[in-house]
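Asker: Below you'll find the structure I mean.
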Amino acid sequence: MPRFNSRMETVQSPIIPVIGQLIRENPGTISLGQGVVSYGPPEKAIAAIPEFFLNLENHKYKTVIGISPLREIIAEKLSQENGISITPNNAVVVTAGGNMGFMNAILAITSPGDEIIINTPYYFNHEMAIMMADCRPILVNTDDTYQLRPEAIEAAITAKTKAVVTISPNNPTGAVYPEETLRRVNEICRHHNIYHIHDEAYEYFTYNGISHFSPASIPESEPYTISLYSLSKAYGFASWRIGYMVIPDHLLEPINKIQDTILICPPVISQYAALGALKTGKSYCQEHLPNIIAVRDIVLTSLQELQDRCTLAPADGAFYCFLKVHTNLEDFELVKTLIQTYKVAVLPGMTFGTQNGCYLRLAYGALKKDTAKEGIGRLVEGIKTIVK
């Protein structure tokens with residue numbers, strides 16, 4: 001068959017499968033790559049599954065935007081925890097994970113050739129979604145500590161700009177954006193009549209007394225603010241593929257079209273499990289945070305040994321560290337050497353949009369303390385040896 005051109009040729013390949021293949025080729029490798037947690041779903045999530053089977057109607061298509069009981073408990077959670085009221089001016093849509101929520105949003109608000117502002121380092125699936133929609137990602141650099149630069153964001157807005165994307169707590173950097181900064185970005189979006197898309201997948205993962213803030217809680221922000229959430233991290237729910245979004249009411253019709261075409265409805269059995277998870281509440285995640293904090297302390301303490309070879313900015317959220325390595329090596333080559341020689345896997349910064357220098361993202365959410373000590377020890381040894 002002759003080779004054909006496709007829009008997908010301009011979209012980067014997902015890095016996780018590439019690193020996964022290298023790990024499989026090097027047995028015994030400890031992964032500091034993929035962003036998952038070490039625990040599984042709460043008991044109430046599993047206990048909800050038999051309830052799903054009690055009703056034969058559950059094997060048929062259900063409402064495109066999610067079953068009513070799940071949307072209702074999400075609305076309660078948003079009100080109590082995020083300060084977001086669900087009114088006639090906005091709506092909750094259940095999605096098959098947070099990534100689908102982002103894709104829904106991009107397809108709903110853009111036409112080919114439009115621009116979406118994302119901050120670098122960016123979450124690679126966001127950049128990929130923008131490219132898939134035949135839109136143009138406009139990259140705005142964060143500062144040296146990976147914090148937003150509102151003035152630079154505003155300067156990047158053009159007549160083609162449709163949205164500014166922010167993620168806090170951040171993937172890949174672990175930065176948490178202050179309320180004041182997010183309010184400023186949200187106001188910029190209001191002033192320029194564009195959308196503010198805010199990803200809050202890591203809302204419960206903050207440290208050192210740092211607070212999480214939801215821009216959709218700002219009064220009168222409903223018409224232009226889109227909020228994205230996920231159960232994958234907080235509830236050990238990654239493979240169940242359930243997230244949700246809060247959208248302006250005028251986007252409900254286009255998002256209905258998108259989701260009905262791509263998905264028809266989120267998997268109903270997963271929605272039942274999600275209902276059980278949300279009945280358990282955020283305390284479930286909080287029970288597991290001490291272990292994550294203990295692992296985080298091991299990681300940060302060990303990385304101090306690399307102060308002369310790496311720069312590490314504050315990472316007060318999520319479960320990532322983003323290292324700038326002082327070397328002329330390409331980051332993917334460094335990653336391959338770390339896997340093949342030192343049996344430890346991290347992700348290269350290039351997949352997150354870093355272009356000047358060698359960067360590595362390491363994830364520690366899936367690690368136990370013993371594994372963390374061994375894995376981070378291998379990383380430190382490898383960088384000390386490779387980077388003179």
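Identifiers in the structure tokens: chain A, B, ... in order shown; residue index from 1 per chain; ligand index from 1 in order shown.
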Quick one: residues within 9 Å of range 281-294 of chain A, only C-alpha atoms counted, chain neighbours fewer than 2 positions away excluded, as a list in words?

Answerer: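 Listing them by chain and then by number gives Val37, Ser38, Tyr39, Pro41, Pro42, Lys77, Tyr204, Phe205, Tyr207, Lys233, Ala234, Tyr235, Gly236, Gly276, Ala277, Leu278, Lys279, Arg296, Asp297, Ile298, Val299, Phe319, Tyr364, Gly365, Ala366, Leu367, Lys368 and Lys369 of chain A.
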
Asker: Given the selection you just returned, output its residues as a file containing N, CA, C and O atoms, formatted as a CSV table (one decimal), in the first residue's frame.

Answerer:
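Saved file result24.csv follows:
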chain,number,residue,atom,x,y,z
A,37,VAL,N,0.0,5.7,41.3
A,37,VAL,CA,0.2,5.5,42.8
A,37,VAL,C,0.3,4.0,43.0
A,37,VAL,O,0.0,3.1,42.2
A,38,SER,N,0.8,3.6,44.2
A,38,SER,CA,1.1,2.2,44.6
A,38,SER,C,-0.2,1.5,45.1
A,38,SER,O,-0.1,0.3,45.1
A,39,TYR,N,-1.2,2.2,45.4
A,39,TYR,CA,-2.4,1.6,46.0
A,39,TYR,C,-3.5,1.5,45.0
A,39,TYR,O,-3.5,2.1,43.9
A,41,PRO,N,-8.0,0.8,44.3
A,41,PRO,CA,-9.3,1.5,44.7
A,41,PRO,C,-9.8,1.1,46.1
A,41,PRO,O,-9.4,0.1,46.7
A,42,PRO,N,-10.6,2.0,46.7
A,42,PRO,CA,-11.2,1.7,48.0
A,42,PRO,C,-12.2,0.6,47.9
A,42,PRO,O,-12.7,0.2,46.9
A,77,LYS,N,-19.3,17.0,45.8
A,77,LYS,CA,-17.8,17.1,46.1
A,77,LYS,C,-17.3,18.5,45.6
A,77,LYS,O,-16.5,19.1,46.4
A,204,TYR,N,-5.3,16.6,45.4
A,204,TYR,CA,-5.1,16.2,46.8
A,204,TYR,C,-3.6,16.0,47.2
A,204,TYR,O,-3.3,15.8,48.3
A,205,PHE,N,-2.8,16.1,46.2
A,205,PHE,CA,-1.3,15.8,46.4
A,205,PHE,C,-0.6,17.1,46.6
A,205,PHE,O,0.1,17.6,45.6
A,207,TYR,N,2.0,19.4,49.5
A,207,TYR,CA,2.9,19.2,50.7
A,207,TYR,C,3.3,20.5,51.3
A,207,TYR,O,3.1,21.6,50.7
A,233,LYS,N,-5.5,9.1,40.1
A,233,LYS,CA,-4.5,9.2,41.0
A,233,LYS,C,-5.0,9.0,42.4
A,233,LYS,O,-4.5,8.2,43.2
A,234,ALA,N,-6.0,9.9,42.8
A,234,ALA,CA,-6.4,9.9,44.2
A,234,ALA,C,-7.0,8.6,44.7
A,234,ALA,O,-6.9,8.2,45.8
A,235,TYR,N,-7.6,7.8,43.8
A,235,TYR,CA,-8.3,6.6,44.2
A,235,TYR,C,-7.7,5.4,43.6
A,235,TYR,O,-8.3,4.3,43.6
A,236,GLY,N,-6.5,5.4,43.1
A,236,GLY,CA,-5.8,4.2,42.6
A,236,GLY,C,-6.6,3.6,41.5
A,236,GLY,O,-6.8,2.4,41.4
A,276,GLY,N,-18.8,4.5,44.2
A,276,GLY,CA,-18.3,4.0,45.4
A,276,GLY,C,-17.1,4.7,45.9
A,276,GLY,O,-16.9,4.9,47.1
A,277,ALA,N,-16.2,5.0,45.0
A,277,ALA,CA,-14.9,5.7,45.4
A,277,ALA,C,-15.2,7.1,46.0
A,277,ALA,O,-14.7,7.4,47.1
A,278,LEU,N,-16.1,7.8,45.3
A,278,LEU,CA,-16.4,9.2,45.8
A,278,LEU,C,-17.3,9.1,47.1
A,278,LEU,O,-17.2,10.1,47.9
A,279,LYS,N,-18.0,8.1,47.3
A,279,LYS,CA,-18.7,7.9,48.6
A,279,LYS,C,-17.6,7.7,49.8
A,279,LYS,O,-17.9,8.1,50.9
A,296,ARG,N,8.7,10.6,49.2
A,296,ARG,CA,9.1,12.0,48.7
A,296,ARG,C,10.4,12.4,49.5
A,296,ARG,O,11.3,13.0,48.9
A,297,ASP,N,10.4,12.3,50.8
A,297,ASP,CA,11.5,12.7,51.6
A,297,ASP,C,12.8,12.0,51.2
A,297,ASP,O,13.9,12.5,51.1
A,298,ILE,N,12.6,10.6,51.0
A,298,ILE,CA,13.8,9.8,50.5
A,298,ILE,C,14.3,10.4,49.2
A,298,ILE,O,15.6,10.5,49.1
A,299,VAL,N,13.4,10.6,48.3
A,299,VAL,CA,13.8,11.1,47.0
A,299,VAL,C,14.5,12.5,47.1
A,299,VAL,O,15.6,12.6,46.5
A,319,PHE,N,3.4,14.1,42.3
A,319,PHE,CA,4.5,13.2,42.8
A,319,PHE,C,5.6,13.1,41.8
A,319,PHE,O,6.0,12.0,41.4
A,364,TYR,N,7.5,9.4,41.7
A,364,TYR,CA,7.7,8.5,42.9
A,364,TYR,C,6.4,8.0,43.5
A,364,TYR,O,6.5,7.3,44.6
A,365,GLY,N,5.3,8.3,42.9
A,365,GLY,CA,4.0,7.9,43.5
A,365,GLY,C,3.8,6.5,43.7
A,365,GLY,O,3.1,6.0,44.6
A,366,ALA,N,4.4,5.6,42.8
A,366,ALA,CA,4.1,4.2,42.8
A,366,ALA,C,5.1,3.4,43.7
A,366,ALA,O,5.0,2.2,43.7
A,367,LEU,N,6.0,4.1,44.3
A,367,LEU,CA,7.1,3.4,45.0
A,367,LEU,C,6.8,3.2,46.5
A,367,LEU,O,6.2,4.0,47.1
A,368,LYS,N,7.3,2.1,47.0
A,368,LYS,CA,7.4,1.9,48.4
A,368,LYS,C,8.8,2.4,48.9
A,368,LYS,O,9.6,2.6,48.1
A,369,LYS,N,8.9,2.5,50.2
A,369,LYS,CA,10.1,3.1,50.7
A,369,LYS,C,11.4,2.4,50.3
A,369,LYS,O,12.4,3.0,49.9

Asker: Residues of range 27-271 of chain A classed as alpha helix (DSSP H) by DSSP on the backbone are to be reported as a VMD selection string.

Answerer: chain A and resid 43 to 53 68 to 77 98 to 109 124 to 132 150 to 155 179 to 192 252 to 262 268 to 271

Asker: I need the residues from that last selection saved to file as a PDB file, in the first residue's frame (with C-alpha atoms), if you can.

Answerer:
ATOM      1  CA  GLU A  43     -13.389  -1.143  49.171  1.00  0.00           C
ATOM      2  CA  LYS A  44     -16.569   0.791  48.423  1.00  0.00           C
ATOM      3  CA  ALA A  45     -15.526   1.063  44.771  1.00  0.00           C
ATOM      4  CA  ILE A  46     -15.164  -2.710  44.469  1.00  0.00           C
ATOM      5  CA  ALA A  47     -18.330  -3.291  46.501  1.00  0.00           C
ATOM      6  CA  ALA A  48     -20.323  -1.216  44.007  1.00  0.00           C
ATOM      7  CA  ILE A  49     -19.651  -3.670  41.176  1.00  0.00           C
ATOM      8  CA  PRO A  50     -22.269  -6.266  42.231  1.00  0.00           C
ATOM      9  CA  GLU A  51     -24.825  -3.463  42.340  1.00  0.00           C
ATOM     10  CA  PHE A  52     -24.082  -2.800  38.682  1.00  0.00           C
ATOM     11  CA  PHE A  53     -24.963  -6.415  37.806  1.00  0.00           C
ATOM     12  CA  SER A  68     -27.185  10.835  37.392  1.00  0.00           C
ATOM     13  CA  PRO A  69     -26.074   9.438  40.790  1.00  0.00           C
ATOM     14  CA  LEU A  70     -22.420   9.913  39.859  1.00  0.00           C
ATOM     15  CA  ARG A  71     -22.920  13.445  38.556  1.00  0.00           C
ATOM     16  CA  GLU A  72     -24.852  14.318  41.704  1.00  0.00           C
ATOM     17  CA  ILE A  73     -22.111  13.148  44.068  1.00  0.00           C
ATOM     18  CA  ILE A  74     -19.527  14.942  41.921  1.00  0.00           C
ATOM     19  CA  ALA A  75     -21.558  18.152  42.273  1.00  0.00           C
ATOM     20  CA  GLU A  76     -21.574  17.707  46.061  1.00  0.00           C
ATOM     21  CA  LYS A  77     -17.811  17.126  46.083  1.00  0.00           C
ATOM     22  CA  GLY A  98      -8.966  13.260  32.439  1.00  0.00           C
ATOM     23  CA  ASN A  99      -7.283  13.077  29.032  1.00  0.00           C
ATOM     24  CA  MET A 100     -10.643  12.580  27.361  1.00  0.00           C
ATOM     25  CA  GLY A 101     -11.960  15.631  29.172  1.00  0.00           C
ATOM     26  CA  PHE A 102      -9.142  17.687  27.692  1.00  0.00           C
ATOM     27  CA  MET A 103      -9.719  16.316  24.192  1.00  0.00           C
ATOM     28  CA  ASN A 104     -13.447  17.072  24.548  1.00  0.00           C
ATOM     29  CA  ALA A 105     -12.653  20.645  25.510  1.00  0.00           C
ATOM     30  CA  ILE A 106     -10.218  21.264  22.653  1.00  0.00           C
ATOM     31  CA  LEU A 107     -12.563  19.846  20.015  1.00  0.00           C
ATOM     32  CA  ALA A 108     -15.506  21.791  21.433  1.00  0.00           C
ATOM     33  CA  ILE A 109     -13.908  25.247  21.462  1.00  0.00           C
ATOM     34  CA  PHE A 124       2.703  15.813  26.634  1.00  0.00           C
ATOM     35  CA  ASN A 125      -0.829  14.452  26.107  1.00  0.00           C
ATOM     36  CA  HIS A 126      -2.157  18.016  26.162  1.00  0.00           C
ATOM     37  CA  GLU A 127       0.221  19.061  23.405  1.00  0.00           C
ATOM     38  CA  MET A 128      -0.664  15.930  21.437  1.00  0.00           C
ATOM     39  CA  ALA A 129      -4.409  16.599  21.721  1.00  0.00           C
ATOM     40  CA  ILE A 130      -3.984  20.144  20.420  1.00  0.00           C
ATOM     41  CA  MET A 131      -2.023  18.869  17.428  1.00  0.00           C
ATOM     42  CA  MET A 132      -4.605  16.151  16.728  1.00  0.00           C
ATOM     43  CA  PRO A 150       1.044  35.774  33.578  1.00  0.00           C
ATOM     44  CA  GLU A 151       2.556  38.691  31.675  1.00  0.00           C
ATOM     45  CA  ALA A 152       4.149  36.286  29.179  1.00  0.00           C
ATOM     46  CA  ILE A 153       0.875  34.389  28.824  1.00  0.00           C
ATOM     47  CA  GLU A 154      -0.985  37.594  28.029  1.00  0.00           C
ATOM     48  CA  ALA A 155       1.684  38.668  25.552  1.00  0.00           C
ATOM     49  CA  GLU A 179      -4.240  31.258  44.160  1.00  0.00           C
ATOM     50  CA  GLU A 180      -3.184  34.811  43.268  1.00  0.00           C
ATOM     51  CA  THR A 181      -1.464  33.637  40.087  1.00  0.00           C
ATOM     52  CA  LEU A 182      -4.383  31.468  38.966  1.00  0.00           C
ATOM     53  CA  ARG A 183      -6.783  34.342  39.616  1.00  0.00           C
ATOM     54  CA  ARG A 184      -4.587  36.558  37.445  1.00  0.00           C
ATOM     55  CA  VAL A 185      -4.556  34.047  34.572  1.00  0.00           C
ATOM     56  CA  ASN A 186      -8.312  33.564  34.884  1.00  0.00           C
ATOM     57  CA  GLU A 187      -8.827  37.321  34.701  1.00  0.00           C
ATOM     58  CA  ILE A 188      -6.604  37.522  31.611  1.00  0.00           C
ATOM     59  CA  CYS A 189      -8.821  34.913  29.957  1.00  0.00           C
ATOM     60  CA  ARG A 190     -11.979  36.805  30.918  1.00  0.00           C
ATOM     61  CA  HIS A 191     -10.555  40.074  29.607  1.00  0.00           C
ATOM     62  CA  HIS A 192      -9.592  38.541  26.251  1.00  0.00           C
ATOM     63  CA  LEU A 252     -22.782  21.047  26.729  1.00  0.00           C
ATOM     64  CA  GLU A 253     -24.204  20.522  23.236  1.00  0.00           C
ATOM     65  CA  PRO A 254     -20.856  20.318  21.386  1.00  0.00           C
ATOM     66  CA  ILE A 255     -19.352  18.094  24.061  1.00  0.00           C
ATOM     67  CA  ASN A 256     -22.403  15.847  23.859  1.00  0.00           C
ATOM     68  CA  LYS A 257     -21.716  15.477  20.126  1.00  0.00           C
ATOM     69  CA  ILE A 258     -18.038  14.695  20.702  1.00  0.00           C
ATOM     70  CA  GLN A 259     -18.507  12.209  23.503  1.00  0.00           C
ATOM     71  CA  ASP A 260     -21.446  10.468  21.838  1.00  0.00           C
ATOM     72  CA  THR A 261     -19.329   9.959  18.706  1.00  0.00           C
ATOM     73  CA  ILE A 262     -16.121   8.811  20.376  1.00  0.00           C
ATOM     74  CA  VAL A 268     -21.085   2.192  33.207  1.00  0.00           C
ATOM     75  CA  ILE A 269     -19.407  -0.448  35.373  1.00  0.00           C
ATOM     76  CA  SER A 270     -16.560   2.006  35.939  1.00  0.00           C
ATOM     77  CA  GLN A 271     -19.059   4.726  36.807  1.00  0.00           C
TER      78      GLN A 271
END

Asker: With a distance cut-off of 10 Å and only C-alpha atoms, select the neighbouring residues of Asn89 in chain A, excluding the residue or stretch itself and same-chain residues fewer than 2 positions from it, and output the selection as a PyMOL selection string.

Answerer: chain A and resi 85-87+91+220-223+247-250

Asker: Using only C-alpha atoms, pick whichever of A:Leu360, A:Ile218, A:Val344, A:Ala163 has the shortest atom-to-atom distance to Glu381 in chain A.

Answerer: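 Among the listed residues, A:Val344 lies closest to Glu381 in chain A.
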
Asker: For the strand (DSSP E or B) assignment from backbone DSSP, which residues of range 162-226 of chain A qualify? Please present them as a list in words.

Answerer: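 Matching residues for strand (DSSP E or B) in range 162-226 of chain A are Lys162, Ala163, Val164, Val165, Thr166, Ile167, Tyr195, His196, Ile197, His198, Asp199, Thr206, Thr225 and Ile226 of chain A.
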
Asker: Pick out the closest residue to Lys160 in chain A from this set: A:Asp144, A:Glu115, A:Glu203, A:Asp308. Count only C-alpha atoms.

Answerer: A:Glu115

Asker: Select from range 114-207 of chain A every residue with an atom at most 12 Å from any atom of range 323-340 of chain A, then for each give the shortest pair of atoms and their distance in Å to one decimal, using only C-alpha atoms, rows by chain and rising number, as CSV.

Answerer:
residue,atom,partner,partner_atom,distance
A:Pro121,CA,A:Leu323,CA,11.5
A:Asp144,CA,A:Lys324,CA,10.4
A:Thr145,CA,A:Leu323,CA,11.0
A:Tyr146,CA,A:Leu323,CA,11.3
A:Pro172,CA,A:Leu323,CA,10.2
A:Thr173,CA,A:Leu323,CA,8.6
A:Gly174,CA,A:Leu323,CA,11.0
